[in-house]
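Inspection log for the structure reproduced underneath, given as structure tokens.
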Amino acid sequence: MIKEILVEKLITEDSKRARTTQVNVGPSEIGGCQRRLWYRLNAVKPTNTGTSRLAAIMGTSIHTAIEVAFSGDENYLTEVELTHNGLTGHVDLLDVQGKTIWDWKTITKAGSGFFGNEGQIAQLQVYGWLANNCGYEITTLGLVGIPRDGNENDIIEVTCAYDEDKALAYLARLENVKTSFAIPEPEKEQSFCKRFCEFYGTCDGLPENTQQEITNDEVIQLLVQYKSLQEQSKKVGQELDFLKEALKGTTGVTPQGISIKWSQLAGRQSVDEEAVQKLLGYVPKKQGNGYERLTIK
Ligand code: SF4
């Protein structure tokens, strides 16, 4: 099917990019799961190659389009590589006159309420530290959220002041993980790890506990998105049922070429288990492959 070919081609192309082949840990990873960071710092071989990558690939494409749009504008520097004390970061946009660093993030509208989480701020503070140590003067840090499912009016931005103490605290956290012989405890739940962590398998993640309070911003964001889509899907289903009912008995073609006709189809056939039981004395059955059921209320 073309969708499998499409995904394979996107992933192959994405794997060639500098960002996704980087072996050094970058500022973007400092605020995430500390166990994952430890694995990355210790070059542990990934065990989960089936992680969801489409959102990241779409994000990379949007970054490329923005970089092209800003190129040639002398007020801004794009994709600035900054290295200091062995740490390298890639800043999306550096406004030299405005002393501001901007980072583009692709988001969804439903998840916009959680935009500007601690991990994202940690990344920005470290970018600020890198820039200020690489000859730039940065006082402001900014995140711009570009919804994949929205339009220009849905773009949001969040800014905060550069704070060297905060940046140094995040860097100390990185150093802690780097020099630790002990592997940090898992921080994310299995449902997240399976989809998004390349070390799932080596690490089992946190067991699912439906009574436990969920505080992980990324998991909360996914849940909010899911519920929003679930509600939209239910509403669409109800509207389709209403329209179907209202269109009963109508046939023909509209001036736009939309045609409508009704036909009678036979019901789905199924084995008469009672008759088989009478004939054979038992009903032969085979067990299909199991699947995961998701319940979100
Ligand atoms: S599997 Fe989950 S808990 Fe373990 S390192 Fe990855 S994200 Fe962290």
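Identifiers in the structure tokens: chain A, B, ... in order shown; residue index from 1 per chain; ligand index from 1 in order shown.
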
Residues of chain A that approach ligand 1 to 10 Å or less, counting only C-alpha atoms and all ligand atoms: could you list each one with the shortest pair of atoms and its distance in Å to one decimal, rows by chain and increasing residue number, as CSV?
```
residue,atom,partner,partner_atom_place_in_ligand_line,distance
A:Gly32,CA,ligand 1,7 (S),8.1
A:Cys33,CA,ligand 1,8 (Fe),4.9
A:Gln34,CA,ligand 1,8 (Fe),6.8
A:Arg35,CA,ligand 1,5 (S),4.6
A:Arg36,CA,ligand 1,5 (S),3.7
A:Leu37,CA,ligand 1,5 (S),7.4
A:Trp38,CA,ligand 1,5 (S),8.1
A:Tyr39,CA,ligand 1,5 (S),7.2
A:Arg40,CA,ligand 1,5 (S),9.3
A:Pro46,CA,ligand 1,6 (Fe),9.8
A:Thr47,CA,ligand 1,1 (S),9.7
A:Asn48,CA,ligand 1,1 (S),9.0
A:Ile183,CA,ligand 1,5 (S),9.5
A:Pro184,CA,ligand 1,5 (S),8.6
A:Glu185,CA,ligand 1,3 (S),7.3
A:Pro186,CA,ligand 1,3 (S),3.6
A:Glu187,CA,ligand 1,3 (S),4.6
A:Lys188,CA,ligand 1,3 (S),4.4
A:Glu189,CA,ligand 1,2 (Fe),6.1
A:Gln190,CA,ligand 1,2 (Fe),6.3
A:Ser191,CA,ligand 1,2 (Fe),8.7
A:Phe192,CA,ligand 1,2 (Fe),6.8
A:Cys193,CA,ligand 1,2 (Fe),4.2
A:Lys194,CA,ligand 1,1 (S),7.1
A:Arg195,CA,ligand 1,1 (S),9.3
A:Phe196,CA,ligand 1,7 (S),7.1
A:Cys197,CA,ligand 1,6 (Fe),4.6
A:Glu198,CA,ligand 1,6 (Fe),6.6
A:Phe199,CA,ligand 1,6 (Fe),5.1
A:Tyr200,CA,ligand 1,1 (S),4.0
A:Gly201,CA,ligand 1,1 (S),7.1
A:Thr202,CA,ligand 1,1 (S),7.3
A:Cys203,CA,ligand 1,4 (Fe),4.5
A:Asp204,CA,ligand 1,1 (S),5.5
A:Gly205,CA,ligand 1,3 (S),3.7
A:Leu206,CA,ligand 1,3 (S),6.1
A:Pro207,CA,ligand 1,3 (S),9.6
```

Stretch 174-182 of chain A environment, 7 Å, only C-alpha atoms, sequence neighbours closer than 4 positions dropped, as a PyMOL selection string
chain A and resi 30+38+41+170

Requested write-out: C-alpha atoms of the selected residues, as a JSON list (two decimals), in the first residue's frame:
```json
[["chain", "number", "residue", "atom", "x", "y", "z"],
["A", 30, "ILE", "CA", 17.95, 17.78, 29.02],
["A", 38, "TRP", "CA", 21.51, 8.45, 30.65],
["A", 41, "LEU", "CA", 24.97, 9.70, 27.14],
["A", 170, "TYR", "CA", 19.81, 22.48, 34.04]]
```

Can you pull out the residues contacting stretch 140-156 of chain A? Cut-off 7 Å, using only C-alpha atoms, and skip same-chain residues under 4 positions away; I want them as a ChimeraX atom specification.
/A:99-109,124,160-162

Which one is closest to A:Lys297: A:Asn42, A:Gln256, A:Gln120, A:Ser228? Count only C-alpha atoms.
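Looking only at the distances to A:Lys297, the closest residue turns out to be A:Ser228.
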
Please identify the alpha helix (DSSP H) residues within stretch 6-138 of chain A (assignment by DSSP from backbone atoms) and present them as a PyMOL selection string.
chain A and resi 6-15+18-21+34-41+54-70+118-132

Write the selection just made, keeping N, CA and C atoms, as a short mmCIF file (atom, residue, chain, number, x, y, z; two decimals), in the first residue's frame?
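Writing the result to result01.cif gives the following:
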```cif
data_model
loop_
_atom_site.label_atom_id
_atom_site.label_comp_id
_atom_site.auth_asym_id
_atom_site.auth_seq_id
_atom_site.Cartn_x
_atom_site.Cartn_y
_atom_site.Cartn_z
N LEU A 6 5.15 5.44 1.65
CA LEU A 6 5.33 6.83 2.05
C LEU A 6 6.08 6.93 3.39
N VAL A 7 5.61 6.18 4.39
CA VAL A 7 6.23 6.24 5.72
C VAL A 7 7.68 5.77 5.65
N GLU A 8 7.93 4.68 4.88
CA GLU A 8 9.29 4.16 4.78
C GLU A 8 10.21 5.20 4.15
N LYS A 9 9.72 5.88 3.10
CA LYS A 9 10.55 6.88 2.42
C LYS A 9 10.82 8.07 3.34
N LEU A 10 9.80 8.51 4.07
CA LEU A 10 9.97 9.65 4.98
C LEU A 10 11.00 9.33 6.06
N ILE A 11 10.89 8.12 6.62
CA ILE A 11 11.82 7.73 7.70
C ILE A 11 13.24 7.60 7.16
N THR A 12 13.39 7.02 5.97
CA THR A 12 14.73 6.87 5.38
C THR A 12 15.35 8.23 5.15
N GLU A 13 14.56 9.15 4.60
CA GLU A 13 15.07 10.50 4.30
C GLU A 13 15.41 11.23 5.59
N ASP A 14 14.53 11.08 6.58
CA ASP A 14 14.73 11.77 7.86
C ASP A 14 16.00 11.27 8.56
N SER A 15 16.31 9.99 8.39
CA SER A 15 17.48 9.41 9.06
C SER A 15 18.79 10.00 8.53
N ALA A 18 21.20 15.71 9.69
CA ALA A 18 22.21 15.87 10.74
C ALA A 18 21.58 15.77 12.12
N ARG A 19 20.41 16.39 12.29
CA ARG A 19 19.81 16.43 13.62
C ARG A 19 19.45 15.06 14.15
N THR A 20 18.92 14.21 13.25
CA THR A 20 18.45 12.92 13.74
C THR A 20 19.56 11.89 13.81
N THR A 21 20.72 12.20 13.22
CA THR A 21 21.82 11.24 13.31
C THR A 21 22.82 11.69 14.38
N GLN A 34 15.07 11.38 32.40
CA GLN A 34 16.49 11.37 32.77
C GLN A 34 17.13 10.00 32.51
N ARG A 35 16.34 8.95 32.56
CA ARG A 35 16.87 7.61 32.27
C ARG A 35 17.23 7.52 30.77
N ARG A 36 16.36 8.06 29.96
CA ARG A 36 16.61 8.06 28.51
C ARG A 36 17.88 8.86 28.21
N LEU A 37 18.02 9.99 28.90
CA LEU A 37 19.20 10.84 28.74
C LEU A 37 20.45 10.04 29.12
N TRP A 38 20.38 9.26 30.20
CA TRP A 38 21.51 8.45 30.65
C TRP A 38 21.88 7.42 29.57
N TYR A 39 20.86 6.79 29.01
CA TYR A 39 21.13 5.81 27.93
C TYR A 39 21.83 6.49 26.76
N ARG A 40 21.32 7.68 26.42
CA ARG A 40 21.90 8.39 25.27
C ARG A 40 23.36 8.76 25.56
N LEU A 41 23.62 9.28 26.77
CA LEU A 41 24.97 9.70 27.14
C LEU A 41 25.93 8.51 27.19
N LEU A 54 6.34 10.25 12.61
CA LEU A 54 5.74 11.14 11.61
C LEU A 54 5.67 12.58 12.10
N ALA A 55 5.26 12.80 13.37
CA ALA A 55 5.14 14.17 13.89
C ALA A 55 6.50 14.86 13.84
N ALA A 56 7.57 14.13 14.20
CA ALA A 56 8.91 14.71 14.19
C ALA A 56 9.34 15.04 12.76
N ILE A 57 8.98 14.17 11.82
CA ILE A 57 9.35 14.40 10.42
C ILE A 57 8.62 15.65 9.90
N MET A 58 7.34 15.77 10.24
CA MET A 58 6.58 16.95 9.81
C MET A 58 7.19 18.21 10.44
N GLY A 59 7.62 18.08 11.71
CA GLY A 59 8.26 19.21 12.40
C GLY A 59 9.53 19.65 11.68
N THR A 60 10.34 18.68 11.25
CA THR A 60 11.59 18.99 10.55
C THR A 60 11.30 19.71 9.24
N SER A 61 10.25 19.26 8.54
CA SER A 61 9.90 19.91 7.26
C SER A 61 9.47 21.34 7.48
N ILE A 62 8.70 21.58 8.56
CA ILE A 62 8.26 22.95 8.85
C ILE A 62 9.46 23.82 9.20
N HIS A 63 10.41 23.27 9.98
CA HIS A 63 11.63 24.02 10.31
C HIS A 63 12.37 24.43 9.03
N THR A 64 12.46 23.50 8.09
CA THR A 64 13.17 23.78 6.84
C THR A 64 12.49 24.91 6.07
N ALA A 65 11.14 24.85 6.02
CA ALA A 65 10.39 25.89 5.30
C ALA A 65 10.61 27.26 5.95
N ILE A 66 10.63 27.29 7.29
CA ILE A 66 10.82 28.57 8.00
C ILE A 66 12.23 29.10 7.76
N GLU A 67 13.19 28.20 7.78
CA GLU A 67 14.58 28.61 7.56
C GLU A 67 14.72 29.28 6.19
N VAL A 68 14.08 28.67 5.19
CA VAL A 68 14.12 29.24 3.83
C VAL A 68 13.46 30.62 3.83
N ALA A 69 12.32 30.74 4.54
CA ALA A 69 11.57 32.01 4.56
C ALA A 69 12.39 33.13 5.20
N PHE A 70 13.20 32.82 6.21
CA PHE A 70 13.98 33.84 6.90
C PHE A 70 15.35 34.09 6.25
N GLU A 118 8.24 22.43 31.18
CA GLU A 118 9.56 22.59 31.79
C GLU A 118 10.69 22.12 30.88
N GLY A 119 10.46 21.03 30.17
CA GLY A 119 11.48 20.51 29.27
C GLY A 119 11.83 21.51 28.18
N GLN A 120 10.79 22.18 27.65
CA GLN A 120 11.02 23.16 26.58
C GLN A 120 11.76 24.40 27.12
N ILE A 121 11.39 24.82 28.35
CA ILE A 121 12.05 25.98 28.95
C ILE A 121 13.51 25.65 29.27
N ALA A 122 13.76 24.41 29.73
CA ALA A 122 15.13 23.98 30.03
C ALA A 122 15.99 24.09 28.77
N GLN A 123 15.44 23.62 27.67
CA GLN A 123 16.14 23.67 26.40
C GLN A 123 16.51 25.12 26.04
N LEU A 124 15.52 26.01 26.19
CA LEU A 124 15.74 27.42 25.84
C LEU A 124 16.79 28.08 26.73
N GLN A 125 16.72 27.81 28.05
CA GLN A 125 17.69 28.41 28.97
C GLN A 125 19.11 27.97 28.59
N VAL A 126 19.25 26.70 28.21
CA VAL A 126 20.58 26.20 27.83
C VAL A 126 21.02 26.84 26.51
N TYR A 127 20.09 27.06 25.60
CA TYR A 127 20.43 27.77 24.36
C TYR A 127 20.93 29.18 24.70
N GLY A 128 20.23 29.83 25.64
CA GLY A 128 20.63 31.18 26.04
C GLY A 128 22.04 31.18 26.61
N TRP A 129 22.33 30.17 27.43
CA TRP A 129 23.66 30.04 28.03
C TRP A 129 24.72 29.84 26.94
N LEU A 130 24.40 28.96 25.98
CA LEU A 130 25.34 28.71 24.89
C LEU A 130 25.60 29.99 24.10
N ALA A 131 24.51 30.71 23.77
CA ALA A 131 24.65 31.92 22.95
C ALA A 131 25.46 32.99 23.68
N ASN A 132 25.16 33.17 24.97
CA ASN A 132 25.88 34.20 25.74
C ASN A 132 27.35 33.84 25.92
#
```

In Å, how far is it from atom CA of A:Ser270 to atom CA of A:Met1?
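Distance between the two atoms: 29.2 Å.
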
Residues within 9 Å of A:Gly98, only C-alpha atoms, excluding chain neighbours under 3 positions, as a PyMOL selection string:
chain A and resi 75+94-95+101+138-140

Quick one: distance from atom CA of A:Leu222 to atom CA of A:Gly111 in Å, one decimal?
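Answer for the atom CA of A:Leu222 to atom CA of A:Gly111 separation: 7.3 Å.
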
Write down as number ranges by chain the residues belonging to stretch 78-205 of chain A that are assigned strand (DSSP E) by DSSP computed on the backbone.
A: 78-84, 87-95, 100-107, 140-147, 156-161

Mind writing the picked residues with N, CA and C atoms as a short mmCIF file (atom, residue, chain, number, x, y, z; two decimals), in the first residue's frame?
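Full text of out-v6.cif as output:
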```
data_model
loop_
_atom_site.label_atom_id
_atom_site.label_comp_id
_atom_site.auth_asym_id
_atom_site.auth_seq_id
_atom_site.Cartn_x
_atom_site.Cartn_y
_atom_site.Cartn_z
N THR A 78 19.62 32.16 11.15
CA THR A 78 18.84 30.93 11.27
C THR A 78 19.76 29.73 11.47
N GLU A 79 19.20 28.70 12.15
CA GLU A 79 19.92 27.44 12.37
C GLU A 79 21.36 27.70 12.81
N VAL A 80 21.49 28.42 13.93
CA VAL A 80 22.82 28.80 14.41
C VAL A 80 23.37 27.67 15.29
N GLU A 81 24.54 27.14 14.89
CA GLU A 81 25.15 26.09 15.71
C GLU A 81 26.03 26.74 16.77
N LEU A 82 25.77 26.41 18.02
CA LEU A 82 26.50 27.01 19.14
C LEU A 82 27.17 25.90 19.93
N THR A 83 28.46 26.04 20.18
CA THR A 83 29.18 25.03 20.98
C THR A 83 29.96 25.72 22.08
N HIS A 84 29.81 25.20 23.29
CA HIS A 84 30.60 25.72 24.41
C HIS A 84 30.76 24.60 25.43
N LEU A 87 29.28 21.19 24.72
CA LEU A 87 27.84 21.05 24.46
C LEU A 87 27.47 21.83 23.20
N THR A 88 26.73 21.19 22.32
CA THR A 88 26.33 21.84 21.07
C THR A 88 24.81 21.93 20.98
N GLY A 89 24.34 23.09 20.55
CA GLY A 89 22.90 23.26 20.33
C GLY A 89 22.66 23.97 19.01
N HIS A 90 21.50 23.73 18.42
CA HIS A 90 21.15 24.40 17.16
C HIS A 90 19.95 25.30 17.41
N VAL A 91 20.20 26.60 17.34
CA VAL A 91 19.14 27.57 17.60
C VAL A 91 18.39 27.84 16.30
N ASP A 92 17.06 27.79 16.37
CA ASP A 92 16.27 27.97 15.15
C ASP A 92 16.40 29.38 14.59
N LEU A 93 16.22 30.38 15.46
CA LEU A 93 16.29 31.77 14.99
C LEU A 93 16.92 32.64 16.07
N LEU A 94 17.91 33.43 15.66
CA LEU A 94 18.57 34.32 16.61
C LEU A 94 18.35 35.75 16.13
N ASP A 95 17.66 36.53 16.95
CA ASP A 95 17.40 37.94 16.64
C ASP A 95 18.48 38.75 17.36
N THR A 100 17.21 38.11 21.25
CA THR A 100 16.24 37.04 21.53
C THR A 100 16.55 35.78 20.72
N ILE A 101 16.31 34.65 21.37
CA ILE A 101 16.41 33.36 20.68
C ILE A 101 15.00 32.83 20.52
N TRP A 102 14.67 32.33 19.34
CA TRP A 102 13.35 31.76 19.08
C TRP A 102 13.49 30.29 18.71
N ASP A 103 12.58 29.48 19.23
CA ASP A 103 12.59 28.05 18.90
C ASP A 103 11.21 27.67 18.37
N TRP A 104 11.16 27.08 17.19
CA TRP A 104 9.88 26.66 16.60
C TRP A 104 9.51 25.29 17.13
N LYS A 105 8.26 25.12 17.50
CA LYS A 105 7.76 23.80 17.91
C LYS A 105 6.48 23.50 17.14
N THR A 106 6.39 22.32 16.57
CA THR A 106 5.11 21.96 15.96
C THR A 106 4.26 21.28 17.03
N ILE A 107 3.02 21.72 17.12
CA ILE A 107 2.12 21.23 18.17
C ILE A 107 0.77 20.87 17.54
N THR A 140 16.32 37.48 26.09
CA THR A 140 14.96 36.93 26.01
C THR A 140 14.96 35.61 25.25
N LEU A 141 14.09 34.71 25.71
CA LEU A 141 13.97 33.40 25.07
C LEU A 141 12.52 33.21 24.64
N GLY A 142 12.32 32.68 23.46
CA GLY A 142 10.94 32.54 22.99
C GLY A 142 10.67 31.21 22.31
N LEU A 143 9.43 30.71 22.54
CA LEU A 143 8.97 29.49 21.89
C LEU A 143 7.79 29.86 21.00
N VAL A 144 7.76 29.33 19.81
CA VAL A 144 6.61 29.58 18.93
C VAL A 144 5.97 28.23 18.61
N GLY A 145 4.70 28.08 18.94
CA GLY A 145 3.99 26.83 18.69
C GLY A 145 3.18 26.93 17.40
N ILE A 146 3.52 26.06 16.45
CA ILE A 146 2.83 26.08 15.15
C ILE A 146 1.97 24.81 15.06
N PRO A 147 0.64 24.97 15.14
CA PRO A 147 -0.21 23.77 15.13
C PRO A 147 -0.27 23.11 13.75
N ILE A 156 0.95 30.21 18.44
CA ILE A 156 1.09 30.86 19.76
C ILE A 156 2.56 31.07 20.08
N GLU A 157 2.84 32.08 20.91
CA GLU A 157 4.22 32.26 21.34
C GLU A 157 4.30 32.50 22.84
N VAL A 158 5.39 32.03 23.41
CA VAL A 158 5.63 32.15 24.85
C VAL A 158 7.05 32.69 25.00
N THR A 159 7.23 33.70 25.85
CA THR A 159 8.59 34.20 26.06
C THR A 159 8.92 34.20 27.55
N CYS A 160 10.20 34.17 27.85
CA CYS A 160 10.65 34.30 29.25
C CYS A 160 12.04 34.93 29.21
N ALA A 161 12.47 35.43 30.36
CA ALA A 161 13.78 36.08 30.43
C ALA A 161 14.87 35.02 30.54
#
```
